[in-house]
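Shown next: upload-v1.cif, containing mmCIF, C-alpha atoms and all ligand atoms.
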data_input
loop_
_atom_site.group_PDB
_atom_site.id
_atom_site.type_symbol
_atom_site.label_atom_id
_atom_site.label_comp_id
_atom_site.auth_asym_id
_atom_site.auth_seq_id
_atom_site.Cartn_x
_atom_site.Cartn_y
_atom_site.Cartn_z
ATOM 1 C CA MET I 132 105.296 71.698 60.511
ATOM 2 C CA THR I 133 102.719 74.073 58.974
ATOM 3 C CA LYS I 134 102.419 77.511 60.535
ATOM 4 C CA ALA I 135 99.017 78.317 62.038
ATOM 5 C CA ILE I 136 96.963 80.961 60.251
ATOM 6 C CA TYR I 137 95.439 83.714 62.341
ATOM 7 C CA ASN I 138 92.715 86.212 61.507
ATOM 8 C CA SER I 139 94.608 89.032 63.168
ATOM 9 C CA ILE I 140 97.884 89.803 64.822
ATOM 10 C CA GLN I 141 96.017 90.099 68.121
ATOM 11 C CA GLU I 142 94.812 86.503 67.741
ATOM 12 C CA GLU I 143 98.371 85.373 67.028
ATOM 13 C CA ILE I 144 99.659 87.147 70.142
ATOM 14 C CA GLN I 145 96.936 85.557 72.296
ATOM 15 C CA ALA I 146 97.861 82.089 70.971
ATOM 16 C CA LEU I 147 101.578 82.650 71.567
ATOM 17 C CA LYS I 148 100.893 84.041 75.021
ATOM 18 C CA LYS I 149 99.050 80.849 75.922
ATOM 19 C CA LYS I 150 101.783 78.661 74.450
ATOM 20 C CA ARG I 151 104.471 80.470 76.461
ATOM 21 C CA ASN I 152 102.363 80.877 79.617
ATOM 22 C CA ALA I 153 103.178 84.566 79.414
ATOM 23 C CA VAL I 154 101.681 87.715 80.864
ATOM 24 C CA ILE I 155 101.859 91.012 78.952
ATOM 25 C CA LEU I 156 102.334 94.209 80.942
ATOM 26 C CA ALA I 157 102.018 97.604 79.250
ATOM 27 C CA HIS I 158 102.924 101.000 80.629
ATOM 28 C CA ASN I 159 100.374 103.839 80.459
ATOM 29 C CA TYR I 160 102.555 105.511 77.795
ATOM 30 C CA GLN I 161 102.482 102.582 75.331
ATOM 31 C CA MET I 162 100.682 102.789 71.993
ATOM 32 C CA GLY I 163 96.955 102.079 72.180
ATOM 33 C CA ASP I 164 97.037 98.698 70.427
ATOM 34 C CA VAL I 165 99.808 97.495 72.759
ATOM 35 C CA GLN I 166 97.781 98.631 75.808
ATOM 36 C CA ASP I 167 94.720 96.850 74.410
ATOM 37 C CA ILE I 168 96.428 93.464 74.082
ATOM 38 C CA ALA I 169 98.068 93.682 77.523
ATOM 39 C CA ASP I 170 96.826 91.791 80.560
ATOM 40 C CA PHE I 171 97.602 94.801 82.742
ATOM 41 C CA THR I 172 98.202 98.456 81.932
ATOM 42 C CA GLY I 173 99.563 100.811 84.556
ATOM 43 C CA ASP I 174 102.506 102.762 85.921
ATOM 44 C CA SER I 175 105.833 101.090 86.555
ATOM 45 C CA LEU I 176 105.047 100.365 90.199
ATOM 46 C CA ARG I 177 101.672 98.773 89.523
ATOM 47 C CA LEU I 178 103.190 96.695 86.721
ATOM 48 C CA ALA I 179 106.084 95.562 88.904
ATOM 49 C CA GLN I 180 103.556 94.540 91.565
ATOM 50 C CA GLU I 181 101.519 92.628 88.975
ATOM 51 C CA ALA I 182 104.745 90.951 87.846
ATOM 52 C CA LYS I 183 105.422 89.874 91.423
ATOM 53 C CA LYS I 184 101.935 88.328 91.726
ATOM 54 C CA THR I 185 101.844 86.467 88.431
ATOM 55 C CA ASP I 186 101.925 82.681 87.947
ATOM 56 C CA ALA I 187 103.121 83.149 84.364
ATOM 57 C CA ASP I 188 106.549 81.762 83.399
ATOM 58 C CA VAL I 189 107.259 84.667 81.084
ATOM 59 C CA ILE I 190 106.712 88.375 81.724
ATOM 60 C CA VAL I 191 106.648 90.524 78.595
ATOM 61 C CA PHE I 192 107.240 94.109 79.688
ATOM 62 C CA CYS I 193 106.079 96.721 77.182
ATOM 63 C CA GLY I 194 107.636 99.828 78.607
ATOM 64 C CA VAL I 195 111.226 101.006 78.890
ATOM 65 C CA HIS I 196 114.347 99.243 80.099
ATOM 66 C CA PHE I 197 114.439 100.359 83.765
ATOM 67 C CA MET I 198 110.871 99.062 84.208
ATOM 68 C CA ALA I 199 111.830 95.590 82.979
ATOM 69 C CA GLU I 200 114.840 95.707 85.305
ATOM 70 C CA THR I 201 112.531 96.479 88.230
ATOM 71 C CA ALA I 202 110.379 93.468 87.293
ATOM 72 C CA SER I 203 113.522 91.307 87.086
ATOM 73 C CA ILE I 204 114.654 92.516 90.549
ATOM 74 C CA LEU I 205 111.243 91.745 92.066
ATOM 75 C CA CYS I 206 110.785 88.427 90.220
ATOM 76 C CA PRO I 207 114.251 86.852 89.883
ATOM 77 C CA ASP I 208 112.762 83.431 89.086
ATOM 78 C CA ARG I 209 110.793 84.646 86.029
ATOM 79 C CA LYS I 210 111.908 85.290 82.478
ATOM 80 C CA VAL I 211 111.425 89.017 81.817
ATOM 81 C CA LEU I 212 111.344 89.959 78.135
ATOM 82 C CA VAL I 213 111.148 93.277 76.296
ATOM 83 C CA PRO I 214 110.088 93.679 72.645
ATOM 84 C CA ASP I 215 112.897 96.152 71.923
ATOM 85 C CA LEU I 216 116.124 96.411 73.919
ATOM 86 C CA ALA I 217 116.741 99.919 72.575
ATOM 87 C CA ALA I 218 113.694 101.253 74.463
ATOM 88 C CA GLY I 219 115.631 103.171 77.101
ATOM 89 C CA CYS I 220 114.930 106.251 79.213
ATOM 90 C CA SER I 221 116.749 109.554 78.724
ATOM 91 C CA LEU I 222 116.017 110.602 82.303
ATOM 92 C CA ALA I 223 117.423 107.366 83.737
ATOM 93 C CA ASP I 224 120.540 107.863 81.596
ATOM 94 C CA MET I 225 121.212 111.255 83.219
ATOM 95 C CA VAL I 226 122.782 109.709 86.297
ATOM 96 C CA ARG I 227 125.378 106.964 86.724
ATOM 97 C CA PRO I 228 126.306 104.849 89.772
ATOM 98 C CA GLU I 229 129.652 106.679 90.104
ATOM 99 C CA ASP I 230 127.779 110.010 90.264
ATOM 100 C CA ILE I 231 125.817 108.750 93.262
ATOM 101 C CA ARG I 232 128.952 107.473 95.000
ATOM 102 C CA LYS I 233 130.623 110.871 94.539
ATOM 103 C CA TRP I 234 127.510 112.770 95.695
ATOM 104 C CA LYS I 235 127.285 110.634 98.837
ATOM 105 C CA SER I 236 130.970 111.171 99.600
ATOM 106 C CA GLU I 237 130.324 114.937 99.523
ATOM 107 C CA HIS I 238 127.252 114.686 101.834
ATOM 108 C CA ALA I 239 128.132 112.462 104.781
ATOM 109 C CA ASN I 240 124.700 113.069 106.364
ATOM 110 C CA GLY I 241 122.824 112.452 103.124
ATOM 111 C CA VAL I 242 120.122 109.885 102.389
ATOM 112 C CA VAL I 243 119.735 109.176 98.673
ATOM 113 C CA VAL I 244 116.228 108.878 97.263
ATOM 114 C CA CYS I 245 116.048 107.749 93.658
ATOM 115 C CA TYR I 246 113.063 108.009 91.379
ATOM 116 C CA ILE I 247 112.064 104.664 89.879
ATOM 117 C CA ASN I 248 113.319 106.049 86.532
ATOM 118 C CA THR I 249 116.884 104.921 87.256
ATOM 119 C CA SER I 250 118.944 101.920 86.241
ATOM 120 C CA ALA I 251 119.368 98.952 88.587
ATOM 121 C CA ALA I 252 123.035 99.938 88.969
ATOM 122 C CA VAL I 253 121.995 103.397 90.234
ATOM 123 C CA LYS I 254 119.285 101.979 92.513
ATOM 124 C CA ALA I 255 121.927 99.728 94.081
ATOM 125 C CA GLU I 256 123.757 102.859 95.340
ATOM 126 C CA CYS I 257 120.612 104.476 96.821
ATOM 127 C CA ASP I 258 118.795 104.270 100.152
ATOM 128 C CA TYR I 259 115.192 104.661 99.047
ATOM 129 C CA CYS I 260 113.371 104.364 95.748
ATOM 130 C CA CYS I 261 110.169 106.284 94.974
ATOM 131 C CA THR I 262 107.648 106.804 92.207
ATOM 132 C CA SER I 263 105.794 109.986 91.388
ATOM 133 C CA SER I 264 102.847 108.653 93.411
ATOM 134 C CA ASN I 265 104.754 108.110 96.652
ATOM 135 C CA ALA I 266 107.796 110.455 96.492
ATOM 136 C CA VAL I 267 106.326 112.823 99.113
ATOM 137 C CA LYS I 268 105.534 109.935 101.464
ATOM 138 C CA VAL I 269 109.013 108.447 101.076
ATOM 139 C CA VAL I 270 110.769 111.767 101.766
ATOM 140 C CA ARG I 271 108.519 112.470 104.771
ATOM 141 C CA ALA I 272 109.631 109.140 106.257
ATOM 142 C CA ILE I 273 113.267 110.319 106.365
ATOM 143 C CA PRO I 274 114.269 111.979 109.665
ATOM 144 C CA GLU I 275 114.300 115.795 109.415
ATOM 145 C CA ASP I 276 117.941 116.046 110.492
ATOM 146 C CA LYS I 277 119.066 114.019 107.473
ATOM 147 C CA GLU I 278 119.869 115.717 104.205
ATOM 148 C CA VAL I 279 117.921 114.240 101.275
ATOM 149 C CA LEU I 280 119.750 113.764 97.977
ATOM 150 C CA PHE I 281 117.029 113.430 95.357
ATOM 151 C CA VAL I 282 117.898 111.922 91.993
ATOM 152 C CA PRO I 283 117.525 112.227 88.980
ATOM 153 C CA ASP I 284 114.382 114.310 88.209
ATOM 154 C CA PHE I 285 114.747 117.972 89.130
ATOM 155 C CA PHE I 286 111.043 118.740 88.643
ATOM 156 C CA LEU I 287 109.714 115.884 90.751
ATOM 157 C CA GLY I 288 112.320 116.827 93.379
ATOM 158 C CA THR I 289 111.154 120.458 93.287
ATOM 159 C CA TYR I 290 107.572 119.314 93.766
ATOM 160 C CA VAL I 291 108.572 117.160 96.768
ATOM 161 C CA LYS I 292 110.549 120.044 98.248
ATOM 162 C CA ASN I 293 107.545 122.316 97.863
ATOM 163 C CA VAL I 294 104.994 119.939 99.376
ATOM 164 C CA THR I 295 107.160 118.793 102.292
ATOM 165 C CA GLY I 296 108.517 122.302 102.953
ATOM 166 C CA ARG I 297 111.944 120.755 103.586
ATOM 167 C CA ASP I 298 114.950 122.931 102.866
ATOM 168 C CA ASN I 299 117.530 120.190 103.212
ATOM 169 C CA ILE I 300 116.825 118.505 99.878
ATOM 170 C CA GLU I 301 119.549 118.568 97.248
ATOM 171 C CA LEU I 302 118.312 118.067 93.694
ATOM 172 C CA TRP I 303 120.008 116.353 90.781
ATOM 173 C CA ARG I 304 119.542 118.299 87.541
ATOM 174 C CA GLY I 305 118.028 115.522 85.422
ATOM 175 C CA TYR I 306 114.827 115.860 83.436
ATOM 176 C CA CYS I 307 112.580 113.943 81.064
ATOM 177 C CA PRO I 308 112.883 115.494 77.571
ATOM 178 C CA THR I 309 109.283 114.486 76.782
ATOM 179 C CA HIS I 310 107.840 116.183 79.876
ATOM 180 C CA MET I 311 110.175 119.132 79.340
ATOM 181 C CA LEU I 312 108.141 119.947 76.221
ATOM 182 C CA ILE I 313 105.164 120.817 78.413
ATOM 183 C CA GLN I 314 105.715 124.509 79.066
ATOM 184 C CA SER I 315 103.849 127.238 80.930
ATOM 185 C CA LEU I 316 102.819 129.352 77.938
ATOM 186 C CA GLU I 317 100.792 126.504 76.410
ATOM 187 C CA ILE I 318 99.238 125.726 79.781
ATOM 188 C CA GLU I 319 98.133 129.317 80.316
ATOM 189 C CA LYS I 320 96.538 129.392 76.846
ATOM 190 C CA LEU I 321 94.740 126.084 77.383
ATOM 191 C CA ARG I 322 93.438 127.140 80.768
ATOM 192 C CA LYS I 323 91.940 130.233 79.190
ATOM 193 C CA SER I 324 90.407 128.432 76.202
ATOM 194 C CA HIS I 325 88.976 125.594 78.365
ATOM 195 C CA PRO I 326 87.884 127.330 81.573
ATOM 196 C CA GLY I 327 85.703 124.382 82.679
ATOM 197 C CA ALA I 328 88.412 121.759 82.288
ATOM 198 C CA GLU I 329 90.278 120.258 85.205
ATOM 199 C CA PHE I 330 94.024 120.509 84.792
ATOM 200 C CA LEU I 331 96.094 117.463 85.769
ATOM 201 C CA MET I 332 99.851 117.846 85.840
ATOM 202 C CA HIS I 333 102.539 115.171 86.093
ATOM 203 C CA PRO I 334 105.348 116.273 88.461
ATOM 204 C CA GLU I 335 108.008 115.642 85.771
ATOM 205 C CA CYS I 336 106.600 118.480 83.630
ATOM 206 C CA GLY I 337 108.863 121.322 82.533
ATOM 207 C CA CYS I 338 106.121 123.803 83.483
ATOM 208 C CA LEU I 339 106.084 122.618 87.099
ATOM 209 C CA THR I 340 108.368 125.292 88.512
ATOM 210 C CA LYS I 341 106.364 128.186 87.020
ATOM 211 C CA SER I 342 102.842 126.810 86.797
ATOM 212 C CA MET I 343 102.382 124.436 89.725
ATOM 213 C CA HIS I 344 99.726 126.816 91.087
ATOM 214 C CA LEU I 345 97.636 126.388 87.903
ATOM 215 C CA ALA I 346 97.177 122.635 88.378
ATOM 216 C CA ASP I 347 94.042 121.222 89.973
ATOM 217 C CA LYS I 348 95.971 118.049 90.738
ATOM 218 C CA ILE I 349 99.626 117.040 90.488
ATOM 219 C CA MET I 350 99.707 113.285 90.100
ATOM 220 C CA SER I 351 101.379 110.146 88.805
ATOM 221 C CA THR I 352 99.893 108.505 85.704
ATOM 222 C CA GLU I 353 98.081 105.901 87.820
ATOM 223 C CA GLY I 354 96.711 108.675 90.036
ATOM 224 C CA MET I 355 95.469 110.538 86.956
ATOM 225 C CA VAL I 356 93.742 107.476 85.504
ATOM 226 C CA ARG I 357 91.942 106.818 88.789
ATOM 227 C CA TYR I 358 91.076 110.488 89.212
ATOM 228 C CA VAL I 359 89.421 111.011 85.811
ATOM 229 C CA ASN I 360 87.320 107.870 86.326
ATOM 230 C CA GLU I 361 85.923 109.307 89.542
ATOM 231 C CA SER I 362 85.735 113.043 88.835
ATOM 232 C CA SER I 363 82.384 114.609 87.871
ATOM 233 C CA ALA I 364 84.172 116.974 85.451
ATOM 234 C CA HIS I 365 83.689 116.357 81.720
ATOM 235 C CA GLU I 366 86.835 117.929 80.348
ATOM 236 C CA PHE I 367 90.459 117.501 81.393
ATOM 237 C CA ILE I 368 93.748 119.052 80.311
ATOM 238 C CA VAL I 369 96.334 116.329 80.758
ATOM 239 C CA ALA I 370 99.974 117.303 81.150
ATOM 240 C CA THR I 371 102.023 114.138 80.631
ATOM 241 C CA GLU I 372 103.080 111.788 77.805
ATOM 242 C CA THR I 373 100.131 111.496 75.411
ATOM 243 C CA GLY I 374 99.900 107.667 75.523
ATOM 244 C CA ILE I 375 97.870 107.950 78.715
ATOM 245 C CA LEU I 376 94.957 109.532 76.843
ATOM 246 C CA HIS I 377 94.147 106.171 75.234
ATOM 247 C CA ARG I 378 93.278 104.526 78.539
ATOM 248 C CA MET I 379 91.465 107.605 79.852
ATOM 249 C CA GLN I 380 89.321 107.876 76.726
ATOM 250 C CA LYS I 381 88.623 104.139 76.612
ATOM 251 C CA ASP I 382 87.447 104.112 80.237
ATOM 252 C CA ASN I 383 85.492 107.379 79.850
ATOM 253 C CA PRO I 384 84.054 107.655 76.321
ATOM 254 C CA ASP I 385 81.808 110.593 77.315
ATOM 255 C CA LYS I 386 84.611 112.762 78.708
ATOM 256 C CA THR I 387 87.034 114.951 76.760
ATOM 257 C CA PHE I 388 90.787 114.744 77.265
ATOM 258 C CA ILE I 389 93.066 117.454 75.910
ATOM 259 C CA PRO I 390 96.826 116.855 75.812
ATOM 260 C CA ALA I 391 98.676 119.825 77.322
ATOM 261 C CA SER I 392 101.272 119.271 74.620
ATOM 262 C CA PRO I 393 100.473 116.958 71.665
ATOM 263 C CA GLN I 394 104.244 116.776 70.974
ATOM 264 C CA SER I 395 104.891 115.066 74.312
ATOM 265 C CA VAL I 396 105.477 111.656 72.815
ATOM 266 C CA CYS I 397 108.274 109.484 74.182
ATOM 267 C CA GLN I 398 110.107 107.905 71.244
ATOM 268 C CA TYR I 399 111.341 105.066 73.455
ATOM 269 C CA MET I 400 107.907 104.133 74.752
ATOM 270 C CA LYS I 401 106.667 103.955 71.176
ATOM 271 C CA MET I 402 109.384 101.501 70.075
ATOM 272 C CA ASN I 403 107.282 98.534 71.165
ATOM 273 C CA ASP I 404 104.649 97.397 68.693
ATOM 274 C CA LEU I 405 102.525 94.343 67.929
ATOM 275 C CA GLU I 406 104.952 92.878 65.355
ATOM 276 C CA LYS I 407 107.788 93.020 67.883
ATOM 277 C CA LEU I 408 105.484 91.487 70.473
ATOM 278 C CA VAL I 409 104.955 88.477 68.180
ATOM 279 C CA ALA I 410 108.734 88.073 67.765
ATOM 280 C CA THR I 411 109.218 88.407 71.537
ATOM 281 C CA LEU I 412 106.811 85.568 72.261
ATOM 282 C CA GLU I 413 107.886 83.414 69.340
ATOM 283 C CA ASN I 414 111.640 83.628 69.997
ATOM 284 C CA LEU I 415 111.589 84.421 73.741
ATOM 285 C CA GLN I 416 113.607 87.570 73.094
ATOM 286 C CA TYR I 417 114.965 89.929 74.519
ATOM 287 C CA GLU I 418 115.653 88.953 78.093
ATOM 288 C CA VAL I 419 116.367 91.562 80.771
ATOM 289 C CA LYS I 420 118.073 89.884 83.705
ATOM 290 C CA VAL I 421 119.624 91.873 86.523
ATOM 291 C CA PRO I 422 122.625 89.887 87.866
ATOM 292 C CA GLU I 423 121.946 88.401 91.306
ATOM 293 C CA GLU I 424 124.434 90.465 93.347
ATOM 294 C CA LEU I 425 123.286 93.731 91.787
ATOM 295 C CA ALA I 426 119.626 92.744 92.092
ATOM 296 C CA LYS I 427 120.078 92.133 95.835
ATOM 297 C CA ARG I 428 121.490 95.640 96.356
ATOM 298 C CA ALA I 429 118.941 97.304 94.075
ATOM 299 C CA TYR I 430 116.117 95.486 95.881
ATOM 300 C CA ARG I 431 116.770 97.265 99.204
ATOM 301 C CA PRO I 432 115.618 100.772 98.180
ATOM 302 C CA ILE I 433 112.642 99.283 96.306
ATOM 303 C CA GLU I 434 111.682 97.183 99.332
ATOM 304 C CA ARG I 435 111.829 100.259 101.601
ATOM 305 C CA MET I 436 109.520 102.082 99.197
ATOM 306 C CA LEU I 437 107.082 99.153 99.048
ATOM 307 C CA GLU I 438 106.996 98.956 102.850
ATOM 308 C CA LEU I 439 106.089 102.641 103.043
ATOM 309 C CA ALA I 440 103.617 102.523 100.136
HETATM 310 O O1 LIG I 501 106.214 105.300 87.452
HETATM 311 C C1 LIG I 501 105.942 105.450 86.272
HETATM 312 O O2 LIG I 501 105.448 104.595 85.604
HETATM 313 C C2 LIG I 501 106.253 106.733 85.639
HETATM 314 C C3 LIG I 501 107.508 106.804 84.929
HETATM 315 C C4 LIG I 501 105.449 107.745 85.725
HETATM 316 C C5 LIG I 501 104.128 107.703 86.375
HETATM 317 O O3 LIG I 501 103.764 108.689 86.980
HETATM 318 O O4 LIG I 501 103.412 106.734 86.283
#
Would you write the structure of this file as structure tokens?
Ligand code: CIZ
Amino acid sequence: MTKAIYNSIQEEIQALKKKRNAVILAHNYQMGDVQDIADFTGDSLRLAQEAKKTDADVIVFCGVHFMAETASILCPDRKVLVPDLAAGCSLADMVRPEDIRKWKSEHANGVVVCYINTSAAVKAECDYCCTSSNAVKVVRAIPEDKEVLFVPDFFLGTYVKNVTGRDNIELWRGYCPTHMLIQSLEIEKLRKSHPGAEFLMHPECGCLTKSMHLADKIMSTEGMVRYVNESSAHEFIVATETGILHRMQKDNPDKTFIPASPQSVCQYMKMNDLEKLVATLENLQYEVKVPEELAKRAYRPIERMLELA
């Protein structure tokens, strides 16, 4: 059989997508050309919700491993594929299921809230899941007399503690190395050199503990994207992984977006590319399938979050 000839790799991906009845989901931190070919771009929660709604037989998740696991948990009857199995998450790797079991055994009154950046095996040990857009809401829903064990992101946990004013929150000491690069000194300089710019900060940022007061808004990536579309400001300092600037700039060509730290590039997010996407669709590789028993347990904290959100 002769191989079809395409004018561009994008055309080839579109043809393969049709052949496989696939949907392509891309996280806000993906490379621009991967975001552009995707059917939906968003944060992990929005993408998982799109996965749940889709009629497609195949879900290609361009993001990192825990995100594909979440899609597999929510859509057990679909084939969930990732272009590169090595695209992991350093933050998610900072806590293991046995750590949670030990933590719980030391806090009999504790309720464990895990950030979505955790493995399915960790989620299965937790009571509630949350994202950066609903962490405050999730924690507020937990009775005041219960101790909250927040895992794994120390900075997001600190933000939640600050906003809710709750003292009984224990924080795991995990962090995202990419967001850790965003530090207060750079922020202070940028605020001075761009006095008219609005400053948007992601709650995973390393500067959060010192410079929370400097932010106009502290938001998830999806919150930021929505916000810049609606704001009347023309200039924004954006403190998160730089991949998000692609979507912001595309939706708002007349506005200026300044990365708080141009070095804040997640090496794992950038492992997916168009060539790998072709191989994914051609060979139906690489499948991420959370085993049924584990998926059932990991679904509970996600379901609680979705009910609240
Ligand atoms: O939930 C996500 O996708 C992450 C990791 C961050 C965010 O704020 O969107």
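Taking only C-alpha atoms into account, I:Val226 lies nearest to I:Pro283 out of the set I:Pro283, I:Gly163, I:Gly327, I:Gly241.
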Report task. Would you mind reading off the distance between atom CA of I:Phe286 and atom CA of I:Pro334, one decimal, in Å? Result ->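 Pair atom CA of I:Phe286 / atom CA of I:Pro334 returns 6.2 Å.
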Query - Selection within 6 Å of ligand LIG 501 (chain I) by only C-alpha atoms and all ligand atoms, output as a count of residues only - result: 8
Requested in this report: Would you list the contacts of stretch 393-407 of chain I as a PyMOL selection string, taking every protein, DNA or RNA residue within 8 Å and counting all atoms listed in the file, but skipping same-chain residues closer than 2 positions in sequence?
Outcome: chain I and resi 140-141+160-162+164-165+193-195+214-215+217-220+309-310+312-313+371-374+390-391+409-411
**Report entry** Surrounding residues of I:Ala440 excluding itself and chain neighbours under 2 positions, 9 Å, only C-alpha atoms, as a list in words
**Finding:**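 Here the answer would be Asn265, Lys268, Val269, Arg435, Met436, Leu437 and Glu438 of chain I.
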**Report entry** Pick from I:Glu361, I:Glu181, I:Glu329, I:Glu335 nearest to I:Ala202, counting all atoms listed in the file
**Finding:** I:Glu181
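The spacing separating atom CA of I:Ala239 from atom CA of I:Pro274 amounts to 14.7 Å.
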Query - Atomic distance atom CA of I:Pro228 - atom CA of I:Val279, expressed in Å with one decimal - result: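 So the answer is 17.1 Å.
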Box dimensions and centre (Å, one decimal) enclosing stretch 358-370 of chain I, axis-aligned, 3 Å extra per side, as lines of an AutoDock Vina configuration file:
center_x = 91.2
center_y = 113.5
center_z = 84.9
size_x = 23.6
size_y = 17.2
size_z = 15.2
Query raised in the report: So which residues get picked by the PyMOL selection byres (((chain I and resi 292) around 12) and not hetatm) here, written as a list in words?
Result: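 Checking the PyMOL selection byres (((chain I and resi 292) around 12) and not hetatm) against this file, the residues are Ala266, Val267, Lys268, Val270, Arg271, Glu278, Val279, Leu280, Phe281, Phe285, Phe286, Leu287, Gly288, Thr289, Tyr290, Val291, Asn293, Val294, Thr295, Gly296, Arg297, Asp298, Asn299, Ile300, Glu301, Leu302, Pro334 and Thr340 of chain I.
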Can you complete the atoms of stretch 155-161 of chain I to all heavy atoms and list them as a PDB file, keeping the file's coordinate frame?
ATOM      1  N   ILE I 155     101.373  89.794  79.627  1.00  0.00           N
ATOM      2  CA  ILE I 155     101.859  91.012  78.952  1.00  0.00           C
ATOM      3  C   ILE I 155     101.500  92.216  79.821  1.00  0.00           C
ATOM      4  O   ILE I 155     100.332  92.421  80.174  1.00  0.00           O
ATOM      5  CB  ILE I 155     101.237  91.159  77.541  1.00  0.00           C
ATOM      6  CG1 ILE I 155     101.592  89.935  76.688  1.00  0.00           C
ATOM      7  CG2 ILE I 155     101.714  92.451  76.868  1.00  0.00           C
ATOM      8  CD1 ILE I 155     100.971  89.939  75.293  1.00  0.00           C
ATOM      9  N   LEU I 156     102.520  92.992  80.145  1.00  0.00           N
ATOM     10  CA  LEU I 156     102.334  94.209  80.942  1.00  0.00           C
ATOM     11  C   LEU I 156     102.636  95.414  80.059  1.00  0.00           C
ATOM     12  O   LEU I 156     103.643  95.409  79.345  1.00  0.00           O
ATOM     13  CB  LEU I 156     103.295  94.214  82.140  1.00  0.00           C
ATOM     14  CG  LEU I 156     103.290  92.958  83.023  1.00  0.00           C
ATOM     15  CD1 LEU I 156     104.332  93.087  84.133  1.00  0.00           C
ATOM     16  CD2 LEU I 156     101.908  92.739  83.631  1.00  0.00           C
ATOM     17  N   ALA I 157     101.778  96.413  80.087  1.00  0.00           N
ATOM     18  CA  ALA I 157     102.018  97.604  79.250  1.00  0.00           C
ATOM     19  C   ALA I 157     101.950  98.865  80.097  1.00  0.00           C
ATOM     20  O   ALA I 157     101.016  99.047  80.906  1.00  0.00           O
ATOM     21  CB  ALA I 157     100.984  97.681  78.127  1.00  0.00           C
ATOM     22  N   HIS I 158     102.924  99.720  79.908  1.00  0.00           N
ATOM     23  CA  HIS I 158     102.924 101.000  80.629  1.00  0.00           C
ATOM     24  C   HIS I 158     101.864 101.931  80.046  1.00  0.00           C
ATOM     25  O   HIS I 158     101.490 101.813  78.871  1.00  0.00           O
ATOM     26  CB  HIS I 158     104.317 101.648  80.545  1.00  0.00           C
ATOM     27  CG  HIS I 158     104.453 102.819  81.460  1.00  0.00           C
ATOM     28  ND1 HIS I 158     104.227 104.107  81.047  1.00  0.00           N
ATOM     29  CD2 HIS I 158     104.735 102.884  82.789  1.00  0.00           C
ATOM     30  CE1 HIS I 158     104.392 104.918  82.086  1.00  0.00           C
ATOM     31  NE2 HIS I 158     104.701 104.208  83.153  1.00  0.00           N
ATOM     32  N   ASN I 159     101.397 102.857  80.872  1.00  0.00           N
ATOM     33  CA  ASN I 159     100.374 103.839  80.459  1.00  0.00           C
ATOM     34  C   ASN I 159     100.794 104.674  79.250  1.00  0.00           C
ATOM     35  O   ASN I 159      99.954 105.318  78.634  1.00  0.00           O
ATOM     36  CB  ASN I 159     100.092 104.803  81.615  1.00  0.00           C
ATOM     37  CG  ASN I 159      99.299 104.147  82.731  1.00  0.00           C
ATOM     38  OD1 ASN I 159      98.444 103.305  82.481  1.00  0.00           O
ATOM     39  ND2 ASN I 159      99.584 104.535  83.975  1.00  0.00           N
ATOM     40  N   TYR I 160     102.092 104.701  78.923  1.00  0.00           N
ATOM     41  CA  TYR I 160     102.555 105.511  77.795  1.00  0.00           C
ATOM     42  C   TYR I 160     102.718 104.698  76.501  1.00  0.00           C
ATOM     43  O   TYR I 160     103.186 105.220  75.494  1.00  0.00           O
ATOM     44  CB  TYR I 160     103.907 106.167  78.130  1.00  0.00           C
ATOM     45  CG  TYR I 160     103.912 107.154  79.280  1.00  0.00           C
ATOM     46  CD1 TYR I 160     105.089 107.390  80.009  1.00  0.00           C
ATOM     47  CD2 TYR I 160     102.788 107.884  79.620  1.00  0.00           C
ATOM     48  CE1 TYR I 160     105.127 108.309  81.051  1.00  0.00           C
ATOM     49  CE2 TYR I 160     102.824 108.794  80.671  1.00  0.00           C
ATOM     50  CZ  TYR I 160     103.993 109.001  81.386  1.00  0.00           C
ATOM     51  OH  TYR I 160     104.039 109.911  82.412  1.00  0.00           O
ATOM     52  N   GLN I 161     102.345 103.410  76.544  1.00  0.00           N
ATOM     53  CA  GLN I 161     102.482 102.582  75.331  1.00  0.00           C
ATOM     54  C   GLN I 161     101.439 102.971  74.279  1.00  0.00           C
ATOM     55  O   GLN I 161     100.433 103.610  74.598  1.00  0.00           O
ATOM     56  CB  GLN I 161     102.299 101.106  75.698  1.00  0.00           C
ATOM     57  CG  GLN I 161     103.456 100.541  76.494  1.00  0.00           C
ATOM     58  CD  GLN I 161     104.745 100.495  75.683  1.00  0.00           C
ATOM     59  OE1 GLN I 161     104.892  99.705  74.773  1.00  0.00           O
ATOM     60  NE2 GLN I 161     105.694 101.363  76.020  1.00  0.00           N
TER      61      GLN I 161
END
